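Below is one structure, written out as structure tokens, with a few remarks after it.
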Amino acid sequence: MQNPNKKIYIAGHNGLVGSAIKKVCTNKGYKNLVLKTRNEVDLTDYNQTKEFFLSEKPDWVFLAAAKVGGIHGNSTYPTEFLLENLKIQNNVIESAREAQCEKLLFLGSSCIYPKECPQPIKEEFLLTGKLEPTNEPYAIAKIAGIKLCDAMNKQYGTNFLSVMPSNMYGPNDNYHSENAHVLPMLLRRFHEAKERGDTKVSVWGTGKPMREFLYSEDLADACLYLMENYNASTLGGLINIGTSKEVSILELANIIKETVGFKGKLEFDRSKPDGTMRKVIDTGKINNLGWMPSRSLQEGIKLVYQDFLTNQELRKG
Ligand code: GFB
């Protein structure tokens, strides 16, 4: 651990990833966390963001504030996914440079890589092909953020790193019935079907796409580990974080069905898109630095179901 009094700003501390980073930093003994809600500092507003950074002058910045969502949300609101993400990341990254922050960690997602990438996906495959159309606006915003961090490192000597996790899940997720990611949506759908005594549950697409799921606290642990140890000039500006373990959507649905205790059948809705068929990332770079994930998918889903049962009315959105 480094100096426990490091001033750490977590942008997006109430979200899936930001709340996990907050928990891991607190558990490791960091005492000086700066946490601001959207009402206190609107990160889509450059003047507010700059003023906040210049008065607080954090040492470390975790940039976990973003407009995120699943395949339907991404396809339905392409403008917001592009524009809100560009605004937030531009304002935060630029302000962090102006406030001379020591380090910044920018969070994206494995969907930034080309749709037809060789698998597992290495960091160097960025910008080697066309993107998956359902999440192109989000991916383009995140690629712009990676390039902004790289440009500042090169031109101004900053130490800003971009981290690309696989599909995330964990406590404090969004359970919206249409716009959320597959794991929380299926968890909610199976739970509600069980409560109503339904005999079947709809699963979108063919069930064949493969996904790699990472528990949010494992990601947070990796982010803090990197923050404490990385130097973007030796590590490069981009690093993947994942488990390297894939499951099909069918396998995922069956694990959730079992965890929830739903006894009926699955019904595939082929009118809904499959999206990318496969996107397993190569995690050799972070594994070689000494970091490994610790939770299995079965374990993680049990923890998330407990969180859902405790907070379900808050989470549905
Ligand atoms: O999490 P998800 O929506 O996003 O997962 P992506 C979509 C996959 O799960 C597709 C299937 O293959 C869907 O057909 N699926 C099955 C479902 N049932 C459901 C359901 O009830 N809801 C949802 N949402 N999907 C996102 C990107 O891609 O991944 C983002 O759009 C981001 O930009 C995120 O990168 C991590 O994995 O396809």
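We label chains A, B, ... in the order they appear in the structure tokens, count residues from 1 in each chain, and number ligands from 1 in the order shown.
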Extract, using only C-alpha atoms, all DNA, RNA and protein residues at most 12 Å from region 39-56 of chain A, discarding same-chain residues fewer than 5 positions from it, and format them as a PDB file with C-alpha atoms, in the first residue's frame.
```
ATOM      1  CA  LYS A   7      -6.201  12.085  -2.167  1.00  0.00           C
ATOM      2  CA  ILE A   8      -8.273   9.778  -4.385  1.00  0.00           C
ATOM      3  CA  TYR A   9     -11.153  11.015  -6.552  1.00  0.00           C
ATOM      4  CA  ALA A  11     -15.700   9.670 -10.569  1.00  0.00           C
ATOM      5  CA  GLY A  12     -18.916   7.593 -10.628  1.00  0.00           C
ATOM      6  CA  ASN A  32      -8.808  10.477   1.810  1.00  0.00           C
ATOM      7  CA  LEU A  33     -11.494   9.701  -0.785  1.00  0.00           C
ATOM      8  CA  VAL A  34     -13.176  12.512  -2.702  1.00  0.00           C
ATOM      9  CA  VAL A  61      -8.289   9.757 -10.311  1.00  0.00           C
ATOM     10  CA  LEU A  63     -12.609   7.647 -14.061  1.00  0.00           C
ATOM     11  CA  ALA A  64     -15.548   5.243 -13.690  1.00  0.00           C
ATOM     12  CA  ALA A  65     -18.305   7.758 -14.531  1.00  0.00           C
ATOM     13  CA  ALA A  66     -19.865   6.866 -17.891  1.00  0.00           C
ATOM     14  CA  LYS A  67     -23.076   6.279 -19.791  1.00  0.00           C
ATOM     15  CA  GLU A  80     -26.238   9.713 -25.628  1.00  0.00           C
ATOM     16  CA  LEU A  83     -21.968  12.360 -26.563  1.00  0.00           C
ATOM     17  CA  GLU A  84     -22.241  11.882 -22.791  1.00  0.00           C
ATOM     18  CA  ASN A  85     -19.175   9.677 -22.705  1.00  0.00           C
ATOM     19  CA  LEU A  86     -17.131  12.078 -24.815  1.00  0.00           C
ATOM     20  CA  LYS A  87     -18.142  15.015 -22.616  1.00  0.00           C
ATOM     21  CA  ILE A  88     -17.419  13.289 -19.291  1.00  0.00           C
ATOM     22  CA  GLN A  89     -14.077  11.826 -20.313  1.00  0.00           C
ATOM     23  CA  ASN A  90     -12.851  14.952 -22.134  1.00  0.00           C
ATOM     24  CA  ASN A  91     -13.704  17.146 -19.158  1.00  0.00           C
ATOM     25  CA  VAL A  92     -12.221  14.835 -16.531  1.00  0.00           C
ATOM     26  CA  ILE A  93      -9.041  13.914 -18.426  1.00  0.00           C
ATOM     27  CA  GLU A  94      -8.310  17.500 -19.431  1.00  0.00           C
ATOM     28  CA  SER A  95      -9.025  18.827 -15.939  1.00  0.00           C
ATOM     29  CA  ALA A  96      -6.824  16.127 -14.356  1.00  0.00           C
ATOM     30  CA  ARG A  97      -3.939  17.316 -16.527  1.00  0.00           C
ATOM     31  CA  GLU A  98      -4.609  20.954 -15.666  1.00  0.00           C
ATOM     32  CA  ALA A  99      -4.711  20.110 -11.953  1.00  0.00           C
ATOM     33  CA  GLN A 100      -1.455  18.114 -12.363  1.00  0.00           C
ATOM     34  CA  CYS A 101      -2.919  14.891 -10.962  1.00  0.00           C
TER      35      CYS A 101
END
```
Rows by chain and residue number, chain A within 7 Å of ligand 1, shortest pair, only C-alpha atoms and all ligand atoms, as a Markdown table:
```
| residue | atom | partner | partner_atom_place_in_ligand_line | distance |
| --- | --- | --- | --- | --- |
| A:Val68 | CA | ligand 1 | 30 (C) | 6.7 |
| A:Gly69 | CA | ligand 1 | 30 (C) | 5.9 |
| A:Gly70 | CA | ligand 1 | 3 (O) | 3.3 |
| A:Ile71 | CA | ligand 1 | 3 (O) | 3.8 |
| A:His72 | CA | ligand 1 | 24 (N) | 6.1 |
| A:Asn74 | CA | ligand 1 | 31 (O) | 5.3 |
| A:Ser109 | CA | ligand 1 | 35 (O) | 5.0 |
| A:Ser110 | CA | ligand 1 | 35 (O) | 6.0 |
| A:Cys111 | CA | ligand 1 | 35 (O) | 4.3 |
| A:Thr134 | CA | ligand 1 | 31 (O) | 6.2 |
| A:Asn135 | CA | ligand 1 | 31 (O) | 4.7 |
| A:Tyr138 | CA | ligand 1 | 33 (O) | 5.6 |
| A:Ala139 | CA | ligand 1 | 33 (O) | 6.5 |
| A:Ser166 | CA | ligand 1 | 36 (C) | 6.4 |
| A:Asn167 | CA | ligand 1 | 36 (C) | 4.3 |
| A:Met168 | CA | ligand 1 | 36 (C) | 6.4 |
| A:Glu178 | CA | ligand 1 | 22 (N) | 6.8 |
| A:Asn179 | CA | ligand 1 | 24 (N) | 6.6 |
| A:Ala180 | CA | ligand 1 | 24 (N) | 5.6 |
| A:His181 | CA | ligand 1 | 1 (O) | 3.5 |
| A:Val182 | CA | ligand 1 | 23 (C) | 3.6 |
| A:Leu183 | CA | ligand 1 | 1 (O) | 6.5 |
| A:Met185 | CA | ligand 1 | 21 (O) | 5.0 |
| A:Leu186 | CA | ligand 1 | 21 (O) | 5.1 |
| A:Val203 | CA | ligand 1 | 18 (N) | 4.1 |
| A:Trp204 | CA | ligand 1 | 18 (N) | 3.7 |
| A:Gly205 | CA | ligand 1 | 14 (O) | 3.9 |
| A:Thr206 | CA | ligand 1 | 14 (O) | 6.7 |
| A:Gly207 | CA | ligand 1 | 16 (C) | 6.6 |
| A:Pro209 | CA | ligand 1 | 12 (O) | 5.2 |
| A:Arg211 | CA | ligand 1 | 37 (O) | 6.6 |
| A:Ile249 | CA | ligand 1 | 9 (O) | 6.0 |
| A:Lys272 | CA | ligand 1 | 14 (O) | 6.0 |
| A:Pro273 | CA | ligand 1 | 14 (O) | 5.0 |
| A:Asp274 | CA | ligand 1 | 12 (O) | 3.6 |
| A:Gly275 | CA | ligand 1 | 38 (O) | 5.0 |
| A:Thr276 | CA | ligand 1 | 38 (O) | 6.0 |
```
Problem - DSSP helix (DSSP H, G or I) residues within region 20-213 of chain A, as an NGL selection string - result: :A and (20-27 or 46-56 or 71-76 or 78-98 or 110-112 or 123-125 or 133-156 or 182-196)
Would you mind listing, for every residue of region 40-131 of chain A within 9 Å of region 232-247 of chain A, the two atoms forming the shortest contact and the distance between them in Å to one decimal, using only C-alpha atoms, sorted by chain and ascending residue number, as a tab-separated table?
```
residue	atom	partner	partner_atom	distance
A:Ser109	CA	A:Asn240	CA	8.7
A:Ser110	CA	A:Asn240	CA	7.6
A:Pro120	CA	A:Ser244	CA	7.9
A:Ile121	CA	A:Asn240	CA	8.8
A:Lys122	CA	A:Asn240	CA	7.8
A:Glu123	CA	A:Ile239	CA	6.4
A:Glu124	CA	A:Leu238	CA	8.8
```
Fill in the blank from the handout: Of A:Glu228, A:Arg189, A:Gln155, A:Phe62, the one sitting nearest Asn3 (chain A) when using only C-alpha atoms is A:Glu228
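CA of Lys194 (chain A) lies 22.8 Å from CA of Arg270 (chain A).
Relative to CA of Ile301 (chain A), CA of Glu195 (chain A) is found at 18.6 Å.
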